[in-house]
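What follows is upload_22.cif (mmCIF, C-alpha atoms).
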data_final
loop_
_atom_site.label_atom_id
_atom_site.label_comp_id
_atom_site.auth_asym_id
_atom_site.auth_seq_id
_atom_site.Cartn_x
_atom_site.Cartn_y
_atom_site.Cartn_z
CA MET D 1 -42.10 26.42 -27.55
CA HIS D 2 -40.43 24.04 -29.97
CA ARG D 3 -41.90 20.96 -31.54
CA ILE D 4 -40.74 17.53 -30.37
CA LYS D 5 -38.07 16.00 -32.55
CA GLN D 6 -35.70 13.10 -32.31
CA LEU D 7 -32.13 13.98 -31.44
CA PRO D 8 -29.40 13.22 -33.95
CA PRO D 9 -27.56 10.01 -32.96
CA ALA D 10 -24.27 11.83 -32.26
CA LEU D 11 -25.95 14.24 -29.83
CA ALA D 12 -27.93 11.43 -28.16
CA ASN D 13 -24.69 9.46 -27.68
CA GLN D 14 -22.93 12.41 -26.08
CA ILE D 15 -25.85 12.97 -23.70
CA ALA D 16 -25.87 9.25 -22.83
CA ALA D 17 -22.13 9.39 -22.35
CA GLY D 18 -22.65 11.84 -19.51
CA GLU D 19 -24.66 9.19 -17.69
CA VAL D 20 -22.29 6.29 -18.35
CA VAL D 21 -18.91 8.05 -18.47
CA GLU D 22 -18.51 10.50 -15.63
CA ARG D 23 -14.75 10.19 -15.33
CA PRO D 24 -11.92 7.90 -16.52
CA SER D 25 -12.62 5.37 -13.76
CA ALA D 26 -16.11 4.80 -15.21
CA VAL D 27 -14.52 3.96 -18.57
CA VAL D 28 -12.16 1.49 -16.92
CA LYS D 29 -15.06 -0.07 -15.00
CA GLU D 30 -17.14 -0.62 -18.15
CA LEU D 31 -14.24 -2.01 -20.18
CA LEU D 32 -13.04 -4.21 -17.33
CA GLU D 33 -16.54 -5.64 -16.90
CA ASN D 34 -16.67 -6.44 -20.64
CA SER D 35 -13.32 -8.23 -20.38
CA ILE D 36 -14.51 -10.27 -17.41
CA ASP D 37 -17.79 -11.10 -19.18
CA ALA D 38 -15.71 -12.32 -22.17
CA ASN D 39 -14.17 -15.00 -19.91
CA SER D 40 -10.73 -13.37 -19.93
CA LYS D 41 -8.03 -15.02 -17.89
CA ARG D 42 -5.61 -12.11 -18.30
CA ILE D 43 -6.44 -8.40 -18.47
CA ILE D 44 -3.82 -5.68 -18.93
CA ILE D 45 -4.73 -2.08 -18.07
CA GLU D 46 -2.58 0.87 -19.16
CA ILE D 47 -3.33 4.42 -18.07
CA GLU D 48 -1.74 7.74 -19.05
CA ASN D 49 -2.37 11.04 -17.28
CA GLY D 50 -5.07 9.69 -14.99
CA GLY D 51 -6.89 8.17 -17.96
CA THR D 52 -7.53 11.41 -19.82
CA ASN D 53 -4.77 10.83 -22.40
CA ILE D 54 -4.96 7.04 -22.79
CA ILE D 55 -6.91 4.15 -21.34
CA ARG D 56 -5.88 0.87 -22.93
CA ILE D 57 -7.35 -2.47 -21.88
CA ARG D 58 -6.21 -5.76 -23.42
CA ASP D 59 -7.74 -9.14 -22.68
CA ASP D 60 -7.52 -12.75 -23.80
CA GLY D 61 -11.28 -13.32 -23.82
CA ILE D 62 -13.38 -14.90 -26.56
CA GLY D 63 -13.15 -11.83 -28.79
CA ILE D 64 -15.67 -10.24 -31.15
CA THR D 65 -16.42 -11.49 -34.66
CA LYS D 66 -15.92 -9.22 -37.66
CA GLU D 67 -19.67 -9.38 -38.29
CA ASP D 68 -20.45 -8.12 -34.78
CA LEU D 69 -17.91 -5.27 -34.78
CA PRO D 70 -20.28 -2.69 -36.35
CA LEU D 71 -22.78 -3.42 -33.57
CA ALA D 72 -20.15 -2.98 -30.86
CA LEU D 73 -20.65 0.80 -31.03
CA ALA D 74 -24.40 0.77 -31.62
CA ARG D 75 -26.51 1.93 -28.71
CA HIS D 76 -28.57 -0.77 -27.05
CA ALA D 77 -26.70 -3.55 -28.85
CA THR D 78 -25.48 -6.34 -26.57
CA SER D 79 -24.57 -10.01 -26.59
CA LYS D 80 -25.80 -10.44 -23.04
CA LEU D 81 -29.59 -10.18 -23.42
CA THR D 82 -32.03 -11.38 -26.05
CA THR D 83 -35.44 -11.46 -24.32
CA ILE D 84 -37.28 -9.66 -21.52
CA GLU D 85 -37.01 -12.83 -19.44
CA ASP D 86 -33.21 -12.47 -19.56
CA LEU D 87 -33.57 -9.37 -17.37
CA TYR D 88 -34.65 -11.63 -14.50
CA GLN D 89 -31.60 -13.85 -14.69
CA ILE D 90 -28.67 -11.61 -15.54
CA SER D 91 -25.37 -13.35 -14.98
CA SER D 92 -23.07 -10.78 -16.56
CA LEU D 93 -21.63 -7.57 -15.16
CA GLY D 94 -22.83 -5.37 -18.01
CA PHE D 95 -25.90 -5.81 -20.17
CA ARG D 96 -27.42 -2.51 -21.37
CA GLY D 97 -25.37 -2.10 -24.53
CA GLU D 98 -24.61 1.58 -24.01
CA ALA D 99 -21.07 1.73 -22.68
CA LEU D 100 -18.98 1.40 -25.84
CA ALA D 101 -21.15 3.81 -27.84
CA SER D 102 -21.00 6.33 -25.01
CA ILE D 103 -17.25 6.00 -24.52
CA ALA D 104 -16.57 6.22 -28.26
CA SER D 105 -18.68 9.38 -28.58
CA VAL D 106 -16.42 11.31 -26.19
CA SER D 107 -13.00 10.02 -27.25
CA ARG D 108 -10.77 8.83 -30.04
CA PHE D 109 -11.64 5.15 -29.89
CA SER D 110 -10.01 2.02 -31.26
CA LEU D 111 -11.10 -1.58 -30.82
CA ILE D 112 -9.09 -4.54 -32.12
CA SER D 113 -10.48 -8.01 -31.65
CA ARG D 114 -9.81 -11.53 -32.77
CA HIS D 115 -12.62 -13.97 -32.08
CA HIS D 116 -11.40 -17.28 -30.67
CA GLN D 117 -12.61 -19.09 -33.82
CA ALA D 118 -11.15 -16.59 -36.30
CA ASN D 119 -7.84 -16.76 -38.15
CA HIS D 120 -7.11 -13.05 -37.77
CA ALA D 121 -8.25 -9.87 -36.07
CA TRP D 122 -10.20 -6.81 -37.15
CA GLN D 123 -9.85 -3.21 -36.03
CA LEU D 124 -12.58 -0.61 -35.67
CA LYS D 125 -11.69 3.07 -35.21
CA THR D 126 -13.87 6.07 -34.60
CA GLU D 127 -13.51 9.59 -33.33
CA GLY D 128 -16.01 11.45 -31.20
CA LYS D 129 -19.36 12.08 -32.79
CA ASP D 130 -18.26 10.34 -36.01
CA LEU D 131 -19.47 6.86 -35.12
CA THR D 132 -19.04 5.55 -38.63
CA ASN D 133 -17.30 2.23 -38.46
CA HIS D 134 -13.96 2.01 -40.21
CA ILE D 135 -13.12 -1.70 -40.05
CA GLU D 136 -9.87 -3.12 -41.35
CA PRO D 137 -7.74 -6.25 -40.85
CA ALA D 138 -5.30 -6.14 -37.94
CA ALA D 139 -2.73 -8.26 -36.17
CA HIS D 140 -3.81 -9.32 -32.69
CA PRO D 141 -3.91 -12.48 -30.57
CA ILE D 142 -7.24 -13.99 -29.53
CA GLY D 143 -9.08 -11.44 -27.39
CA THR D 144 -9.77 -7.73 -27.51
CA SER D 145 -7.82 -4.49 -27.07
CA ILE D 146 -9.60 -1.20 -26.62
CA GLU D 147 -7.85 2.15 -26.62
CA VAL D 148 -9.65 5.26 -25.45
CA ALA D 149 -7.56 8.33 -26.29
CA ASN D 150 -8.16 11.98 -25.45
CA LEU D 151 -11.17 11.34 -23.23
CA PHE D 152 -13.67 14.24 -23.31
CA TYR D 153 -11.65 16.12 -25.96
CA ASN D 154 -14.94 17.08 -27.62
CA VAL D 155 -16.89 17.75 -24.39
CA PRO D 156 -14.92 20.49 -22.62
CA ALA D 157 -17.63 21.01 -20.00
CA ARG D 158 -17.14 17.42 -18.80
CA LYS D 159 -13.34 17.66 -18.94
CA LYS D 160 -13.19 20.73 -16.70
CA PHE D 161 -14.82 18.80 -13.83
CA LEU D 162 -12.03 16.21 -13.74
CA LYS D 163 -9.57 16.35 -10.89
CA SER D 164 -5.78 15.99 -11.10
CA ALA D 165 -4.24 13.05 -12.94
CA ARG D 166 -3.25 11.55 -9.57
CA THR D 167 -6.80 11.82 -8.19
CA GLU D 168 -8.29 10.29 -11.34
CA PHE D 169 -5.73 7.46 -11.15
CA ILE D 170 -6.71 6.78 -7.53
CA HIS D 171 -10.35 6.45 -8.64
CA ILE D 172 -9.25 4.00 -11.35
CA GLU D 173 -7.21 2.03 -8.83
CA GLU D 174 -10.26 1.75 -6.54
CA VAL D 175 -12.41 0.43 -9.42
CA VAL D 176 -9.82 -2.22 -10.29
CA LYS D 177 -9.46 -3.33 -6.69
CA ARG D 178 -13.24 -3.68 -6.30
#
Could you render the structure as structure tokens?
Amino acid sequence: MHRIKQLPPALANQIAAGEVVERPSAVVKELLENSIDANSKRIIIEIENGGTNIIRIRDDGIGITKEDLPLALARHATSKLTTIEDLYQISSLGFRGEALASIASVSRFSLISRHHQANHAWQLKTEGKDLTNHIEPAAHPIGTSIEVANLFYNVPARKKFLKSARTEFIHIEEVVKR
């Protein structure tokens, strides 16, 4: 019997990712909900190979400030809740603060955002278990673009359960329609 110990953050994120990110359609659902919660009027979704190669979502929502970008990939960090009482009056689609950290832990992840009150945008990139935040200036209109590349490249067990690109695309299409 082993002693109890806390899991390293990278391993905890990959385990959590299995709960949040079952397939590409789950990624699209989470990102789409974030775009809607950001008051986006226009959302563009691009998919390659059923979402396993590329999922790119661009919106014209309120954007994320440079100061908040490091928290965007932190587990249990959210702009949608601040108190326990907020749980009883949730008005957003997502609120747990796990989706982006989970998605980033199983992909090559890029987030570019320009807050609606900012003069320019900032980009955050990360790859798999390396959730260190590399933030640099970027060109982007007001809103956010997220690119999820090579989904499950570092979790082969999850990748082998995916169906064909066409089947995965159909699941994505159903999420978008709902």
Residues at most 7 Å from range 65-75 of chain D, counting all atoms listed in the file, excluding those fewer than 5 positions away in the same chain, as a VMD selection string?
chain D and resid 97 to 98 100 to 101 114 to 115 122 133
So that all listed atoms of range 64-73 of chain D fit with 4 Å spare on each side, what axis-aligned box centre and edge lengths in Å, to one decimal, would you give as JSON?
{"center_x": -19.2, "center_y": -5.3, "center_z": -34.6, "size_x": 15.1, "size_y": 20.3, "size_z": 15.4}
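CA of Asp60 in chain D is positioned 15.7 Å from CA of Gln123 in chain D.
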Hey, which of D:Ser113, D:Thr167, D:Thr52, D:Ser40 ends up closest to Val28 in chain D? Count all atoms listed in the file.
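Closest residue, counting all atoms listed in the file: D:Thr52.
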Counting only C-alpha atoms, which of D:Val175, D:Leu7, D:Ile64, D:Ala157 gets nearest to His140 in chain D?
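Residue with the minimum atom-to-atom distance to His140 in chain D: D:Ile64.
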For Ser164 in chain D, the nearest of the candidates D:Asn34, D:Thr144, D:Asn49, D:Ser25, counting only C-alpha atoms
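Going through D:Asn34, D:Thr144, D:Asn49, D:Ser25 one by one, the smallest distance to Ser164 in chain D is for D:Asn49.
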